[in-house]
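Chemist: My structure is in coords_13.txt, and what it holds is compact mmCIF, C-alpha atoms:
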```
# COMPACT_ATOMS: atom_id res chain seq x y z
CA ALA A 1 -18.65 26.37 21.96
CA GLY A 2 -14.87 26.18 21.62
CA GLN A 3 -14.98 27.75 18.18
CA LEU A 4 -17.27 30.56 19.37
CA LEU A 5 -14.94 31.30 22.28
CA ALA A 6 -11.91 31.27 19.98
CA GLU A 7 -13.63 33.70 17.61
CA GLU A 8 -14.55 36.00 20.51
CA VAL A 9 -10.95 36.25 21.68
CA GLN A 10 -9.76 36.46 18.05
CA ASP A 11 -7.13 33.76 18.54
CA GLU A 12 -6.47 32.27 15.09
CA GLU A 13 -4.48 29.37 16.48
CA LEU A 14 -7.30 28.45 18.84
CA ILE A 15 -9.82 28.86 16.01
CA ALA A 16 -7.81 26.47 13.83
CA ARG A 17 -7.61 23.87 16.60
CA SER A 18 -11.36 24.15 17.16
CA MET A 19 -11.95 23.61 13.44
CA VAL A 20 -9.71 20.53 13.48
CA GLY A 21 -11.74 19.19 16.39
CA LEU A 22 -14.97 19.80 14.50
CA ALA A 23 -13.52 18.14 11.40
CA GLN A 24 -12.69 15.08 13.52
CA VAL A 25 -16.26 14.98 14.83
CA HIS A 26 -17.79 15.24 11.35
CA HIS A 27 -15.39 12.57 10.06
CA GLY A 28 -16.47 10.25 12.88
CA LEU A 29 -20.11 10.90 12.05
CA GLY A 30 -19.47 10.03 8.41
CA ASP A 31 -20.06 13.51 7.01
CA GLN A 32 -16.97 13.75 4.82
CA ARG A 33 -18.11 16.95 3.09
CA ARG A 34 -18.28 18.88 6.37
CA ALA A 35 -15.07 17.24 7.60
CA ALA A 36 -13.26 18.33 4.43
CA MET A 37 -14.63 21.86 4.71
CA MET A 38 -13.61 22.29 8.36
CA ALA A 39 -10.16 20.75 7.81
CA GLY A 40 -9.64 22.98 4.79
CA GLU A 41 -10.52 26.12 6.75
CA ALA A 42 -8.16 25.06 9.54
CA LEU A 43 -5.35 24.51 7.05
CA GLN A 44 -5.76 28.04 5.69
CA ILE A 45 -4.83 29.30 9.15
CA LEU A 46 -2.17 26.68 9.88
CA GLU A 47 -0.45 26.95 6.50
CA ASN A 48 2.19 29.30 7.84
CA ARG A 49 2.50 27.54 11.19
CA PRO A 50 4.54 24.41 10.35
CA GLU A 51 5.25 23.68 14.01
CA ASP A 52 1.65 23.89 15.21
CA PRO A 53 0.73 20.56 16.85
CA SER A 54 -2.72 20.63 15.20
CA LEU A 55 -1.27 20.68 11.69
CA PRO A 56 -0.59 16.92 11.25
CA ARG A 57 -4.13 16.02 12.35
CA ALA A 58 -5.63 18.66 10.06
CA LEU A 59 -3.62 17.33 7.12
CA LEU A 60 -4.56 13.73 7.90
CA LEU A 61 -8.26 14.61 8.10
CA ALA A 62 -8.11 16.65 4.89
CA ALA A 63 -6.28 13.87 3.04
CA THR A 64 -8.73 11.21 4.23
CA SER A 65 -11.70 13.38 3.24
CA HIS A 66 -10.18 13.87 -0.22
CA ARG A 67 -9.69 10.11 -0.55
CA LEU A 68 -13.21 9.21 0.52
CA GLY A 69 -14.59 12.01 -1.64
CA GLY A 70 -13.04 10.51 -4.77
CA ARG A 71 -10.16 12.99 -5.15
CA PRO A 72 -7.10 10.69 -5.13
CA ASP A 73 -4.60 13.23 -6.48
CA GLN A 74 -5.42 15.78 -3.79
CA ALA A 75 -5.43 12.99 -1.21
CA ALA A 76 -1.96 11.80 -2.27
CA ASP A 77 -0.55 15.34 -2.14
CA THR A 78 -2.05 16.00 1.28
CA TYR A 79 -0.90 12.66 2.71
CA ALA A 80 2.61 13.51 1.47
CA ARG A 81 2.46 16.87 3.26
CA CYS A 82 1.20 15.17 6.42
CA ILE A 83 4.08 12.66 6.30
CA ASP A 84 6.58 15.49 5.88
CA VAL A 85 5.15 17.62 8.69
CA ALA A 86 4.68 14.65 11.05
CA ALA A 87 8.28 13.54 10.46
CA LYS A 88 9.62 17.02 11.19
CA GLN A 89 7.50 17.33 14.33
CA GLY A 90 8.37 13.82 15.48
CA ARG A 91 4.68 12.80 15.49
CA GLU A 92 4.99 9.08 14.81
CA GLU A 93 1.26 8.42 15.17
CA PHE A 94 0.33 10.73 12.29
CA LEU A 95 3.30 9.57 10.24
CA ALA A 96 2.11 5.96 10.50
CA MET A 97 -1.54 6.72 9.81
CA ALA A 98 -0.73 8.96 6.83
CA ARG A 99 1.37 6.16 5.37
CA GLY A 100 -1.60 3.88 5.95
CA GLY A 101 -3.76 6.31 3.97
CA VAL A 102 -1.27 6.10 1.11
CA GLY A 103 -1.66 2.34 1.37
CA VAL A 104 -5.40 2.66 0.78
CA LEU A 105 -4.79 4.75 -2.34
CA LEU A 106 -2.30 2.15 -3.60
CA ALA A 107 -4.78 -0.67 -2.96
CA ASP A 108 -7.53 1.17 -4.84
CA GLU A 109 -5.31 1.59 -7.90
CA GLY A 110 -4.23 -2.06 -7.78
CA SER A 111 -0.70 -1.73 -6.36
CA LEU A 112 -1.39 -4.41 -3.79
CA GLU A 113 2.17 -5.39 -2.87
CA GLN A 114 3.05 -1.78 -2.11
CA ALA A 115 -0.18 -1.37 -0.16
CA VAL A 116 0.64 -4.46 1.91
CA ALA A 117 4.05 -2.97 2.76
CA TYR A 118 2.46 0.30 3.94
CA PHE A 119 -0.22 -1.50 5.98
CA SER A 120 2.36 -3.82 7.53
CA ASP A 121 4.43 -0.83 8.66
CA GLU A 122 1.34 0.81 10.10
CA THR A 123 0.29 -2.32 12.00
CA ASP A 124 3.80 -2.63 13.50
CA PHE A 125 3.54 0.87 14.91
CA LEU A 126 -0.05 0.51 16.12
CA ARG A 127 0.78 -2.77 17.85
CA SER A 128 3.75 -1.20 19.61
CA GLN A 129 1.58 1.67 20.86
CA ARG A 130 -1.38 -0.59 21.74
CA MET A 131 -3.65 1.59 19.61
CA PHE A 132 -6.24 -1.13 19.25
CA PRO A 133 -9.16 0.42 17.25
CA PRO A 134 -6.99 1.68 14.34
CA LEU A 135 -4.96 -1.56 14.51
CA VAL A 136 -8.09 -3.61 13.82
CA ALA A 137 -9.05 -1.33 10.92
CA THR A 138 -5.59 -1.66 9.36
CA LEU A 139 -5.55 -5.43 9.81
CA TYR A 140 -8.92 -5.50 8.05
CA ARG A 141 -7.46 -3.50 5.13
CA LEU A 142 -4.46 -5.82 5.06
CA SER A 143 -6.81 -8.82 4.85
CA VAL A 144 -8.64 -7.22 1.93
CA CYS A 145 -5.36 -6.85 0.03
CA ARG A 146 -4.35 -10.43 0.77
CA ARG A 147 -7.76 -11.69 -0.35
CA ARG A 148 -7.53 -9.73 -3.61
CA GLN A 149 -4.06 -11.18 -4.19
CA GLY A 150 -5.56 -14.67 -4.06
CA LEU A 151 -3.90 -15.42 -0.70
CA PRO A 152 -6.86 -16.48 1.46
CA ASP A 153 -4.67 -18.08 4.14
CA LEU A 154 -2.81 -14.80 4.72
CA ALA A 155 -6.12 -12.90 4.70
CA LEU A 156 -7.36 -15.22 7.45
CA GLU A 157 -4.20 -14.63 9.49
CA ALA A 158 -4.85 -10.88 9.48
CA LEU A 159 -8.52 -11.38 10.36
CA ASP A 160 -7.68 -13.79 13.18
CA GLU A 161 -5.39 -11.17 14.72
CA ALA A 162 -8.01 -8.46 14.21
CA GLU A 163 -10.64 -10.54 16.00
CA ASP A 164 -8.25 -11.41 18.85
CA VAL A 165 -7.35 -7.74 19.35
CA ALA A 166 -10.99 -6.64 19.26
CA ARG A 167 -12.00 -9.32 21.75
CA PHE A 168 -9.07 -8.56 24.08
CA ALA A 169 -9.76 -4.81 24.04
CA ASP A 170 -13.55 -5.29 24.22
CA LEU A 171 -14.23 -3.41 20.97
CA PRO A 172 -17.62 -4.62 19.66
CA PHE A 173 -17.63 -2.56 16.47
CA GLU A 174 -14.11 -3.59 15.56
CA ARG A 175 -15.01 -7.21 16.27
CA ALA A 176 -17.90 -6.78 13.83
CA LEU A 177 -15.43 -5.42 11.25
CA ALA A 178 -13.30 -8.55 11.59
CA ALA A 179 -16.42 -10.67 11.06
CA ILE A 180 -17.32 -8.62 7.98
CA GLY A 181 -13.85 -9.25 6.55
CA ARG A 182 -14.26 -12.98 7.16
CA ALA A 183 -17.69 -12.90 5.51
CA ALA A 184 -16.22 -11.20 2.42
CA LEU A 185 -13.52 -13.86 2.20
CA ILE A 186 -15.77 -16.90 2.49
CA LEU A 187 -18.20 -15.27 0.05
CA ASP A 188 -15.40 -15.12 -2.52
CA LEU A 189 -14.73 -18.78 -1.75
CA GLY A 190 -18.33 -19.72 -2.55
CA ASP A 191 -20.06 -19.82 0.84
CA TRP A 192 -22.76 -17.16 0.69
CA VAL A 193 -24.79 -18.92 3.40
CA GLY A 194 -21.87 -18.77 5.82
CA ALA A 195 -21.22 -15.15 4.83
CA SER A 196 -24.83 -14.29 5.53
CA ARG A 197 -24.60 -15.97 8.92
CA LEU A 198 -21.50 -13.95 9.83
CA LEU A 199 -23.21 -10.72 8.77
CA GLY A 200 -26.10 -11.63 11.04
CA LYS A 201 -23.69 -11.79 13.97
CA ALA A 202 -22.14 -8.48 12.93
CA ARG A 203 -25.33 -6.42 12.73
CA ILE A 204 -24.00 -4.11 15.44
CA ALA A 205 -22.11 -2.57 12.50
CA LEU A 206 -25.38 -0.84 11.60
CA ASP A 207 -25.67 0.76 15.04
CA GLN A 208 -25.69 4.56 14.98
CA GLU A 209 -22.60 4.59 17.20
CA ALA A 210 -20.59 2.50 14.73
CA SER A 211 -18.23 4.36 12.44
CA VAL A 212 -19.44 4.89 8.90
CA PHE A 213 -16.38 2.95 7.68
CA VAL A 214 -17.63 -0.15 9.53
CA ARG A 215 -21.19 0.43 8.31
CA MET A 216 -20.10 0.81 4.69
CA ALA A 217 -17.96 -2.32 4.92
CA TYR A 218 -21.06 -4.18 6.15
CA ARG A 219 -23.26 -2.80 3.36
CA ASP A 220 -20.66 -3.70 0.73
CA VAL A 221 -20.68 -7.37 1.73
CA GLN A 222 -24.43 -7.40 2.37
CA VAL A 223 -25.30 -6.43 -1.20
CA GLN A 224 -22.94 -9.08 -2.57
CA VAL A 225 -24.52 -11.75 -0.36
CA ARG A 226 -27.99 -10.79 -1.59
CA LEU A 227 -26.82 -11.07 -5.20
CA ALA A 228 -25.14 -14.42 -4.54
CA ALA A 229 -28.39 -15.69 -3.01
CA GLY A 230 -30.19 -14.86 -6.27
CA ASP A 231 -32.77 -12.58 -4.63
CA ARG A 232 -32.79 -9.60 -7.00
CA GLN A 233 -35.48 -7.66 -5.15
CA ALA A 234 -33.71 -8.00 -1.80
CA ALA A 235 -30.42 -7.13 -3.48
CA LEU A 236 -31.92 -4.03 -5.10
CA ALA A 237 -33.36 -2.88 -1.78
CA ALA A 238 -29.97 -3.38 -0.10
CA PHE A 239 -28.21 -1.42 -2.85
CA GLN A 240 -30.67 1.43 -2.48
CA VAL A 241 -30.11 1.68 1.27
CA ALA A 242 -26.35 1.46 0.81
CA GLU A 243 -26.33 4.13 -1.91
CA SER A 244 -28.33 6.50 0.27
CA GLU A 245 -25.94 6.10 3.21
CA ALA A 246 -22.82 6.42 1.05
CA SER A 247 -24.06 9.49 -0.82
CA ARG A 248 -25.25 11.21 2.34
CA GLY A 249 -21.81 10.74 3.90
CA GLY A 250 -19.84 11.81 0.84
CA PHE A 251 -18.26 8.41 0.11
CA ALA A 252 -17.72 8.85 -3.61
CA SER A 253 -16.56 5.41 -4.76
CA TRP A 254 -19.04 3.44 -2.70
CA GLY A 255 -21.87 5.79 -3.65
CA ALA A 256 -21.03 5.57 -7.36
CA TYR A 257 -20.73 1.79 -7.27
CA PHE A 258 -24.03 1.30 -5.45
CA SER A 259 -25.76 3.82 -7.73
CA GLY A 260 -24.30 2.20 -10.84
CA VAL A 261 -25.48 -1.27 -9.89
CA ILE A 262 -28.94 0.12 -9.15
CA GLY A 263 -28.81 1.53 -12.69
CA VAL A 264 -27.84 -1.89 -14.06
CA MET A 265 -30.69 -3.59 -12.20
CA THR A 266 -33.31 -0.99 -13.22
CA GLY A 267 -32.11 -0.34 -16.78
CA ASP A 268 -31.01 3.23 -16.03
CA GLN A 269 -28.08 3.62 -18.43
CA VAL A 270 -27.53 7.26 -17.46
CA ALA A 271 -26.90 6.20 -13.87
CA VAL A 272 -24.50 3.50 -15.06
CA GLU A 273 -22.50 5.92 -17.20
CA LYS A 274 -22.36 8.52 -14.43
CA ALA A 275 -21.15 5.89 -11.95
CA MET A 276 -18.44 4.72 -14.34
CA GLU A 277 -17.26 8.30 -14.81
CA THR A 278 -17.07 8.85 -11.05
CA LEU A 279 -15.25 5.57 -10.41
CA GLY A 280 -12.81 6.33 -13.19
CA PHE A 281 -11.99 9.69 -11.65
CA ALA A 282 -11.79 8.22 -8.14
CA GLY A 283 -9.30 5.60 -9.33
CA ASP A 284 -10.96 2.59 -7.72
CA ARG A 285 -10.17 -0.10 -10.30
CA GLY A 286 -11.80 -2.93 -8.37
CA MET A 287 -15.18 -1.25 -7.97
CA MET A 288 -15.16 -0.30 -11.64
CA ALA A 289 -14.48 -3.92 -12.62
CA ARG A 290 -17.17 -5.23 -10.26
CA MET A 291 -19.75 -2.89 -11.75
CA CYS A 292 -18.80 -3.80 -15.33
CA LEU A 293 -19.05 -7.50 -14.50
CA LEU A 294 -22.54 -6.99 -13.11
CA GLU A 295 -23.49 -4.89 -16.13
CA ALA A 296 -22.51 -7.83 -18.32
CA THR A 297 -24.04 -10.63 -16.24
CA LEU A 298 -27.11 -8.92 -14.77
CA GLY A 299 -27.64 -6.18 -17.33
CA GLY A 300 -27.02 -8.35 -20.39
CA ASP A 301 -24.35 -6.09 -21.90
CA PRO A 302 -21.34 -8.25 -22.85
CA ALA A 303 -19.53 -5.18 -24.22
CA ALA A 304 -19.00 -4.07 -20.61
CA LEU A 305 -16.55 -6.94 -20.22
CA VAL A 306 -13.96 -5.08 -22.32
CA ILE A 307 -13.66 -2.43 -19.62
CA GLY A 308 -14.30 -5.02 -16.93
CA GLU A 309 -11.33 -7.13 -17.98
CA ARG A 310 -9.03 -4.13 -18.19
CA GLU A 311 -10.01 -2.88 -14.75
CA ALA A 312 -9.94 -6.33 -13.15
CA ARG A 313 -6.39 -6.86 -14.40
CA ALA A 314 -5.37 -3.41 -13.17
CA SER A 315 -6.90 -4.08 -9.75
CA HIS A 316 -4.93 -7.35 -9.41
CA ASN A 317 -7.96 -8.84 -7.67
CA GLN A 318 -7.60 -12.55 -8.48
CA PHE A 319 -11.15 -13.50 -7.52
CA LEU A 320 -12.59 -10.66 -9.58
CA LEU A 321 -10.45 -11.52 -12.58
CA LEU A 322 -11.55 -15.13 -12.32
CA GLY A 323 -15.18 -13.99 -12.54
CA VAL A 324 -14.50 -11.74 -15.53
CA LEU A 325 -12.61 -14.48 -17.39
CA HIS A 326 -15.51 -16.85 -16.76
CA ALA A 327 -17.97 -14.27 -18.11
CA ILE A 328 -15.88 -13.82 -21.27
CA GLY A 329 -15.69 -17.58 -21.66
CA SER A 330 -13.01 -17.96 -24.34
CA LYS A 331 -10.58 -20.88 -24.47
CA GLU A 332 -7.68 -18.56 -23.64
CA CYS A 333 -9.58 -17.15 -20.69
CA ARG A 334 -10.32 -20.68 -19.48
CA VAL A 335 -6.63 -21.59 -19.44
CA GLU A 336 -5.74 -18.43 -17.53
CA ALA A 337 -8.64 -18.90 -15.13
CA GLY A 338 -7.49 -22.45 -14.48
CA SER A 339 -4.08 -21.22 -13.42
CA LEU A 340 -5.65 -18.64 -11.08
CA ALA A 341 -8.00 -21.22 -9.58
CA ARG A 342 -5.18 -23.69 -8.94
CA GLY A 343 -3.11 -21.03 -7.19
CA ILE A 344 -5.97 -20.13 -4.85
CA ALA A 345 -7.11 -23.70 -4.20
CA ASP A 346 -3.61 -24.80 -3.26
CA ARG A 347 -3.80 -22.41 -0.29
CA LEU A 348 -7.10 -23.82 0.97
CA GLU A 349 -8.04 -26.87 2.99
CA GLY A 350 -11.14 -28.83 3.89
CA GLU A 351 -14.58 -27.35 3.43
CA MET A 352 -13.27 -24.00 2.20
CA ARG A 353 -11.40 -25.73 -0.59
CA ASP A 354 -14.38 -27.88 -1.52
CA ARG A 355 -16.73 -24.90 -1.70
CA PHE A 356 -14.26 -22.96 -3.80
CA LEU A 357 -13.85 -25.83 -6.26
CA ALA A 358 -17.63 -26.04 -6.59
CA LEU A 359 -17.98 -22.42 -7.74
CA PRO A 360 -19.21 -22.30 -11.38
CA ALA A 361 -16.26 -20.20 -12.52
CA VAL A 362 -13.76 -22.51 -10.83
CA HIS A 363 -15.47 -25.67 -12.04
CA TRP A 364 -15.40 -24.28 -15.59
CA ALA A 365 -11.76 -23.27 -15.26
CA VAL A 366 -10.30 -26.47 -13.81
CA ASN A 367 -12.36 -28.81 -15.97
CA GLY A 368 -11.13 -26.91 -18.99
CA MET A 369 -7.61 -27.87 -17.98
CA GLY A 370 -8.42 -31.55 -18.05
CA HIS A 371 -8.45 -31.50 -14.25
CA ASN A 372 -9.64 -34.37 -12.09
CA ARG A 373 -10.33 -34.40 -8.38
CA GLU A 374 -7.35 -36.67 -7.66
CA SER A 375 -4.82 -34.00 -8.72
CA SER A 376 -3.55 -31.20 -6.53
CA VAL A 377 -6.66 -29.16 -7.41
```
Give the structure from the file, written as structure tokens.

Modeler:
Amino acid sequence: AGQLLAEEVQDEELIARSMVGLAQVHHGLGDQRRAAMMAGEALQILENRPEDPSLPRALLLAATSHRLGGRPDQAADTYARCIDVAAKQGREEFLAMARGGVGVLLADEGSLEQAVAYFSDETDFLRSQRMFPPLVATLYRLSVCRRRQGLPDLALEALDEAEDVARFADLPFERALAAIGRAALILDLGDWVGASRLLGKARIALDQEASVFVRMAYRDVQVQVRLAAGDRQAALAAFQVAESEASRGGFASWGAYFSGVIGVMTGDQVAVEKAMETLGFAGDRGMMARMCLLEATLGGDPAALVIGEREARASHNQFLLLGVLHAIGSKECRVEAGSLARGIADRLEGEMRDRFLALPAVHWAVNGMGHNRESSV
């Protein structure tokens, strides 16, 4: 209605603001294609209006849609423009969130330390402004980086804060996101039963009112839990549902990953190759490595480990690299895997540590180092 009224009075500024509002709605609904289209049309009008208050939001929405659509170069350029405009307008909220978007791009390409710095800055601002929903989302992203770095204790710190904030502010979907992050962590540590239990408590993430970001995070862990449980049919069904949701919403990396694994599980090499091409263009090194590892272990193609090792190293995901080294299985890989396993285990205590040490890849790695249970690992 707002857009129709703006068009009737032929007010370009009002039209642009209406388009930004519509872009925000479509983004919230998970339709990144429509969000990108509406934000792009708004930017055509706002391009020569650098002081328009709608411009930072339009740039942030456009950048985020580019990122989720697998266009990292355009996303980086648009985030940079948003940072510049927000700084000049004194719009600290958009400045912080655009820097957080850059952090996501850095995390995808494997620059985890830089990503942590960007996320830490964003959380400082969001805490100070008591902007609780985006604070939980950024703490979740921070926990993902810490987990990939092989720092499970720091990942848990971020998740504990995220859960406390979500509980304090009575945010059920954000509380589910914190539980999903915890499930992903303990799954990496070898507890797929506990991860499945946490997902069961977080099923509100699949509610239609939940953001698609929360729903995709749930699906991503769900498919991994099904694989860890050894139920290929249930895993395939979960991948198919996840791929449908991701593709419908325009989430390029998630859609390609889910589609590629479906191709691995069904012997569809064309789907696998197409997924690898999309992931390569989108710049998500971790998802590429995960898919290659599954192609080698589930699809029986050891040649995939060449790309898998390269991408796992580039992603700096310690858990993922440990799995790839185990799949390769050489003596040199065993020595390196042992060092990785020791570093992670030294940051764990109690049952978490025991479950991690019982993982096949970890058991292989530490035994290959002449390890015994009386040592520090």

Chemist: Taking all atoms of segment 234-249 of chain A that the file lists, what box with edges along x, y and z, padded by 3 Å per side, do you get, with centre and edge lengths in Å to one decimal, as AutoDock Vina command-line options?

Modeler:
```
--center_x -27.8 --center_y 1.6 --center_z -0.6 --size_x 17.9 --size_y 25.2 --size_z 15.0
```

Chemist: Quick one: everything within 10 Å of segment 179-183 of chain A, counting all atoms listed in the file, minus sequence neighbours fewer than 6 positions away in the same chain. Send it as a ChimeraX atom specification.

Modeler: /A:139-141,143-144,147,152,155-156,158-160,162-163,173,189,191-203,205,214-215,217-222,225

Chemist: I'd like to know which of A:Leu135, A:Leu325, A:Leu348, A:Ala58 is closest to Ala289 of chain A, using only C-alpha atoms.

Modeler: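 Closest to Ala289 of chain A of all the choices is A:Leu325.
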
Chemist: So that I can check the surroundings of Ala314 of chain A, please list as a VMD selection string every protein, DNA and RNA residue that reaches within 8 Å of it, counting only C-alpha atoms and ignoring chain neighbours fewer than 6 positions away.

Modeler: chain A and resid 109 to 110 285

Chemist: Can you work out which one of A:Ala303, A:Ala345, A:Ala178, A:Ala169 has the shortest atom-to-atom distance to Glu157 of chain A, counting all atoms listed in the file?

Modeler: A:Ala178

Chemist: For a quick check of understanding, using all atoms listed in the file, which of A:Ala16, A:Leu29, A:Met276, A:Ile45 has the smallest distance to Gln208 of chain A?

Modeler: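 With all atoms listed in the file as the atom set, the closest residue is A:Leu29.
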
Chemist: If I take atom CA of Ala62 of chain A and atom CA of Ser259 of chain A, how far is one from the other in Å, to one decimal?

Modeler: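 Rounded to one decimal, the two atoms are 25.2 Å apart.
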
Chemist: Of the candidates A:Leu154, A:Val366, A:Ala228, A:Met265, which one gets nearest to Gln240 of chain A if we count all atoms listed in the file?

Modeler: A:Met265

Chemist: Using only C-alpha atoms, which of A:Leu151, A:Leu322, A:Val306, A:Ala107 sits nearest Gly286 of chain A?

Modeler: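 Closest to Gly286 of chain A of all the choices is A:Ala107.
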
Chemist: Could you list, as a VMD selection string, every residue within 12 Å of Ser65 of chain A, counting all atoms listed in the file and ignoring same-chain residues fewer than 5 positions away?

Modeler: chain A and resid 23 to 24 26 to 28 30 to 40 58 to 60 70 to 72 74 to 76 78 to 79 101 249 to 252

Chemist: Could the residues in this selection be written to a file with C-alpha atoms, as an mmCIF file, keeping the file's coordinate frame?

Modeler:
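Heads up, here's the output in part34.cif:
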```
data_model
loop_
_atom_site.group_PDB
_atom_site.id
_atom_site.type_symbol
_atom_site.label_atom_id
_atom_site.label_comp_id
_atom_site.auth_asym_id
_atom_site.auth_seq_id
_atom_site.Cartn_x
_atom_site.Cartn_y
_atom_site.Cartn_z
ATOM 1 C CA ALA A 23 -13.520 18.140 11.400
ATOM 2 C CA GLN A 24 -12.690 15.080 13.520
ATOM 3 C CA HIS A 26 -17.790 15.240 11.350
ATOM 4 C CA HIS A 27 -15.390 12.570 10.060
ATOM 5 C CA GLY A 28 -16.470 10.250 12.880
ATOM 6 C CA GLY A 30 -19.470 10.030 8.410
ATOM 7 C CA ASP A 31 -20.060 13.510 7.010
ATOM 8 C CA GLN A 32 -16.970 13.750 4.820
ATOM 9 C CA ARG A 33 -18.110 16.950 3.090
ATOM 10 C CA ARG A 34 -18.280 18.880 6.370
ATOM 11 C CA ALA A 35 -15.070 17.240 7.600
ATOM 12 C CA ALA A 36 -13.260 18.330 4.430
ATOM 13 C CA MET A 37 -14.630 21.860 4.710
ATOM 14 C CA MET A 38 -13.610 22.290 8.360
ATOM 15 C CA ALA A 39 -10.160 20.750 7.810
ATOM 16 C CA GLY A 40 -9.640 22.980 4.790
ATOM 17 C CA ALA A 58 -5.630 18.660 10.060
ATOM 18 C CA LEU A 59 -3.620 17.330 7.120
ATOM 19 C CA LEU A 60 -4.560 13.730 7.900
ATOM 20 C CA GLY A 70 -13.040 10.510 -4.770
ATOM 21 C CA ARG A 71 -10.160 12.990 -5.150
ATOM 22 C CA PRO A 72 -7.100 10.690 -5.130
ATOM 23 C CA GLN A 74 -5.420 15.780 -3.790
ATOM 24 C CA ALA A 75 -5.430 12.990 -1.210
ATOM 25 C CA ALA A 76 -1.960 11.800 -2.270
ATOM 26 C CA THR A 78 -2.050 16.000 1.280
ATOM 27 C CA TYR A 79 -0.900 12.660 2.710
ATOM 28 C CA GLY A 101 -3.760 6.310 3.970
ATOM 29 C CA GLY A 249 -21.810 10.740 3.900
ATOM 30 C CA GLY A 250 -19.840 11.810 0.840
ATOM 31 C CA PHE A 251 -18.260 8.410 0.110
ATOM 32 C CA ALA A 252 -17.720 8.850 -3.610
#
```

Chemist: Near Arg226 of chain A, counting only C-alpha atoms, which residues have an atom at most 10 Å away, once you skip same-chain residues fewer than 4 positions from it, shown as a PyMOL selection string?

Modeler: chain A and resi 192+196+221-222+230-239

Chemist: If I take atom CA of Asn48 of chain A and atom CA of Phe125 of chain A, how far is one from the other in Å, to one decimal?

Modeler: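 Rounded to one decimal, the two atoms are 29.3 Å apart.
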
Chemist: Using only C-alpha atoms, give me every residue within 10 Å of (-14.6, -24.7, -19.4) in file coordinates, as JSON, numbers by chain.

Modeler: {"A": [326, 329, 330, 331, 333, 334, 335, 337, 338, 360, 361, 362, 363, 364, 365, 366, 367, 368, 369, 370]}

Chemist: Find the residue from A:Met131, A:Leu142, A:Leu46, A:Ala358 that sits nearest to Leu106 of chain A; use only C-alpha atoms when measuring.

Modeler: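 For Leu106 of chain A, the nearest of the given residues is A:Leu142.
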
Chemist: Rounded to one decimal, what separation in Å do you get between atom CA of Arg148 of chain A and atom CA of Gln318 of chain A?

Modeler: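 One can read the atom CA of Arg148 of chain A to atom CA of Gln318 of chain A distance as 5.6 Å.
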
Chemist: From the coordinates I just gave you, please extract segment 16-25 of chain A so that only N, CA, C and O atoms remain, then output it as a PDB file, in the first residue's frame.

Modeler:
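selection_28.pdb written:
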```pdb
ATOM      1  N   ALA A  16      11.463   4.858  -2.848  1.00  0.00           N
ATOM      2  CA  ALA A  16      12.669   4.145  -2.441  1.00  0.00           C
ATOM      3  C   ALA A  16      12.520   3.593  -1.029  1.00  0.00           C
ATOM      4  O   ALA A  16      12.884   2.444  -0.756  1.00  0.00           O
ATOM      5  N   ARG A  17      11.982   4.405  -0.123  1.00  0.00           N
ATOM      6  CA  ARG A  17      11.817   3.944   1.253  1.00  0.00           C
ATOM      7  C   ARG A  17      10.830   2.786   1.333  1.00  0.00           C
ATOM      8  O   ARG A  17      11.009   1.861   2.129  1.00  0.00           O
ATOM      9  N   SER A  18       9.790   2.841   0.508  1.00  0.00           N
ATOM     10  CA  SER A  18       8.826   1.738   0.469  1.00  0.00           C
ATOM     11  C   SER A  18       9.489   0.465  -0.033  1.00  0.00           C
ATOM     12  O   SER A  18       9.243  -0.638   0.487  1.00  0.00           O
ATOM     13  N   MET A  19      10.354   0.600  -1.033  1.00  0.00           N
ATOM     14  CA  MET A  19      11.059  -0.561  -1.571  1.00  0.00           C
ATOM     15  C   MET A  19      12.018  -1.154  -0.533  1.00  0.00           C
ATOM     16  O   MET A  19      12.152  -2.376  -0.427  1.00  0.00           O
ATOM     17  N   VAL A  20      12.669  -0.289   0.234  1.00  0.00           N
ATOM     18  CA  VAL A  20      13.554  -0.774   1.295  1.00  0.00           C
ATOM     19  C   VAL A  20      12.741  -1.550   2.328  1.00  0.00           C
ATOM     20  O   VAL A  20      13.163  -2.615   2.799  1.00  0.00           O
ATOM     21  N   GLY A  21      11.566  -1.025   2.663  1.00  0.00           N
ATOM     22  CA  GLY A  21      10.700  -1.736   3.600  1.00  0.00           C
ATOM     23  C   GLY A  21      10.282  -3.092   3.078  1.00  0.00           C
ATOM     24  O   GLY A  21      10.278  -4.091   3.813  1.00  0.00           O
ATOM     25  N   LEU A  22       9.931  -3.149   1.786  1.00  0.00           N
ATOM     26  CA  LEU A  22       9.562  -4.430   1.180  1.00  0.00           C
ATOM     27  C   LEU A  22      10.751  -5.391   1.137  1.00  0.00           C
ATOM     28  O   LEU A  22      10.595  -6.604   1.361  1.00  0.00           O
ATOM     29  N   ALA A  23      11.931  -4.858   0.855  1.00  0.00           N
ATOM     30  CA  ALA A  23      13.130  -5.692   0.849  1.00  0.00           C
ATOM     31  C   ALA A  23      13.361  -6.303   2.223  1.00  0.00           C
ATOM     32  O   ALA A  23      13.717  -7.481   2.348  1.00  0.00           O
ATOM     33  N   GLN A  24      13.136  -5.507   3.276  1.00  0.00           N
ATOM     34  CA  GLN A  24      13.291  -5.996   4.647  1.00  0.00           C
ATOM     35  C   GLN A  24      12.295  -7.123   4.926  1.00  0.00           C
ATOM     36  O   GLN A  24      12.642  -8.139   5.550  1.00  0.00           O
ATOM     37  N   VAL A  25      11.066  -6.950   4.463  1.00  0.00           N
ATOM     38  CA  VAL A  25      10.043  -7.982   4.658  1.00  0.00           C
ATOM     39  C   VAL A  25      10.437  -9.279   3.953  1.00  0.00           C
ATOM     40  O   VAL A  25      10.378 -10.369   4.537  1.00  0.00           O
TER      41      VAL A  25
END
```
